[in-house]
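Everything below concerns the one structure shown next.
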Amino acid sequence: MKNIIPEIYVINCKEALEFYKEAFGGEIKNVQTGAGKPMFKDFEDKIIHSELHINDYCTLYFVDMFEEIPKGKDIHIVLEFDSEEEITKAYYALSKGGNVKFELQKTFWGALHAVVTDCHGNTWGLNYTVQ
C-alpha cells in the first residue's frame, strides 16, 4: 500500500478548501466538479474531488456532500494501492459482510476504484492508479 488519505465530506467544499488551506497551509490541487460527467447528473456544480497538499507527506481530499451524512460518517479513508492484485484482494475482503457503494472498476481518472462500507460500518475508498 502506498498511502492512506482522509476523504472529508463537507457542505460547500470550495469554502472548506480555503478554510483548511488557511489553517494548515499547502496548495489546493486537482479540483474536479461533476460537470460533463454523466454519473454526476444533477450534481454538475458540486466538487466531486479536490486535494489539499499540505506537504510531501500529508494530503487531504475534500468532497461536496450530495446528501445528508450523519456526523461521524463524513470522513472516509482512501487507500492507494501498489498493484491491481493488492486492490482486488482488499476489495473482496472488505466486501464480505459489508456493502459495496461503488463496484471495483476502471474510472475516468485513470484508476481502478471502489468504495466499500465494511461489516464494522467503516467506509473505505480503494484506489490503484493504473500505470
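Residue numbering restarts at 1 for every chain of the C-alpha cells, chains are lettered A, B, ... in their displayed order, and ligands are numbered from 1 as they appear.
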*Nearby residues (only C-alpha atoms) at most 7 Å from region 64-78 of chain A, same-chain spacing under 4 positions excluded, as a list in words*: Ile4, Ile5, Pro6, Glu7, Ile8, Tyr9, Val10, Ile11, Asn12, Cys13, Lys46, Ile47, Ile48, Thr123, Trp124, Gly125 and Leu126 of chain A
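Within region 14-69 of chain A, DSSP run on the backbone puts these residues in alpha helix (DSSP H): Lys14, Glu15, Ala16, Leu17, Glu18, Phe19, Tyr20, Lys21, Glu22, Ala23 and Phe24 of chain A.
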Could you take the residues named above and write them with C-alpha atoms, as an mmCIF file, in the first residue's frame?
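Result saved to result-v6.cif:
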data_model
loop_
_atom_site.group_PDB
_atom_site.id
_atom_site.type_symbol
_atom_site.label_atom_id
_atom_site.label_comp_id
_atom_site.auth_asym_id
_atom_site.auth_seq_id
_atom_site.Cartn_x
_atom_site.Cartn_y
_atom_site.Cartn_z
ATOM 1 C CA LYS A 14 -14.973 25.406 -2.116
ATOM 2 C CA GLU A 15 -15.300 27.385 1.120
ATOM 3 C CA ALA A 16 -13.973 24.487 3.208
ATOM 4 C CA LEU A 17 -10.895 24.143 0.980
ATOM 5 C CA GLU A 18 -9.970 27.774 1.570
ATOM 6 C CA PHE A 19 -10.604 27.423 5.313
ATOM 7 C CA TYR A 20 -8.337 24.376 5.654
ATOM 8 C CA LYS A 21 -5.685 25.900 3.398
ATOM 9 C CA GLU A 22 -5.592 28.895 5.753
ATOM 10 C CA ALA A 23 -5.479 26.594 8.798
ATOM 11 C CA PHE A 24 -2.872 24.096 7.555
#
*For the atom pair CA of Cys58 (chain A) and CA of Trp109 (chain A), what is the interatomic distance in Å to one decimal place?*
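Distance between the two atoms: 21.0 Å.
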*Work out how far apart CA of Thr117 (chain A) and CA of Met1 (chain A) are and give it in Å to one decimal.*
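Answer for the CA of Thr117 (chain A) to CA of Met1 (chain A) separation: 18.9 Å.
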*Identify, on the basis of only C-alpha atoms, every residue whose closest approach to Tyr92 (chain A) does not exceed 12 Å; exclude the query and any residue fewer than 6 positions from it along the same chain; express the result as a PyMOL selection string.*
chain A and resi 85-86+98-100+103-104+114-118+126
*Would you mind telling me which residue in A:Gly121, A:Asp42, A:Tyr91, A:Tyr128 lies nearest to Lys106 (chain A) when using only C-alpha atoms?*
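Nearest to Lys106 (chain A): A:Tyr128.
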*Near Ser50 (chain A), within 7 Å and counting only C-alpha atoms, which residues show up once chain neighbours fewer than 3 positions away are dropped, as an NGL selection string?*
:A and (29-32 or 61-63)
Export, as a tab-separated table (two decimals), in the first residue's frame, the selected residues with N, CA and C atoms.
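So the final result, stored in selection-v4.tsv, reads:
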chain	number	residue	atom	x	y	z
A	29	LYS	N	-5.13	21.45	-5.15
A	29	LYS	CA	-4.86	20.86	-6.47
A	29	LYS	C	-6.03	19.97	-6.90
A	30	ASN	N	-6.07	19.70	-8.18
A	30	ASN	CA	-6.94	18.68	-8.76
A	30	ASN	C	-8.41	18.83	-8.36
A	31	VAL	N	-8.96	20.04	-8.46
A	31	VAL	CA	-10.36	20.27	-8.14
A	31	VAL	C	-11.21	19.85	-9.35
A	32	GLN	N	-12.11	18.91	-9.13
A	32	GLN	CA	-12.97	18.40	-10.20
A	32	GLN	C	-14.44	18.55	-9.78
A	61	TYR	N	-8.18	14.90	1.04
A	61	TYR	CA	-9.18	15.00	-0.02
A	61	TYR	C	-10.44	15.63	0.56
A	62	PHE	N	-11.10	16.49	-0.22
A	62	PHE	CA	-12.37	17.08	0.18
A	62	PHE	C	-13.39	16.89	-0.93
A	63	VAL	N	-14.65	16.64	-0.56
A	63	VAL	CA	-15.74	16.38	-1.49
A	63	VAL	C	-16.99	17.08	-0.98
*In Å, with one decimal, what is the gap from CA of Asn127 (chain A) to CA of His113 (chain A)?*
4.5 Å
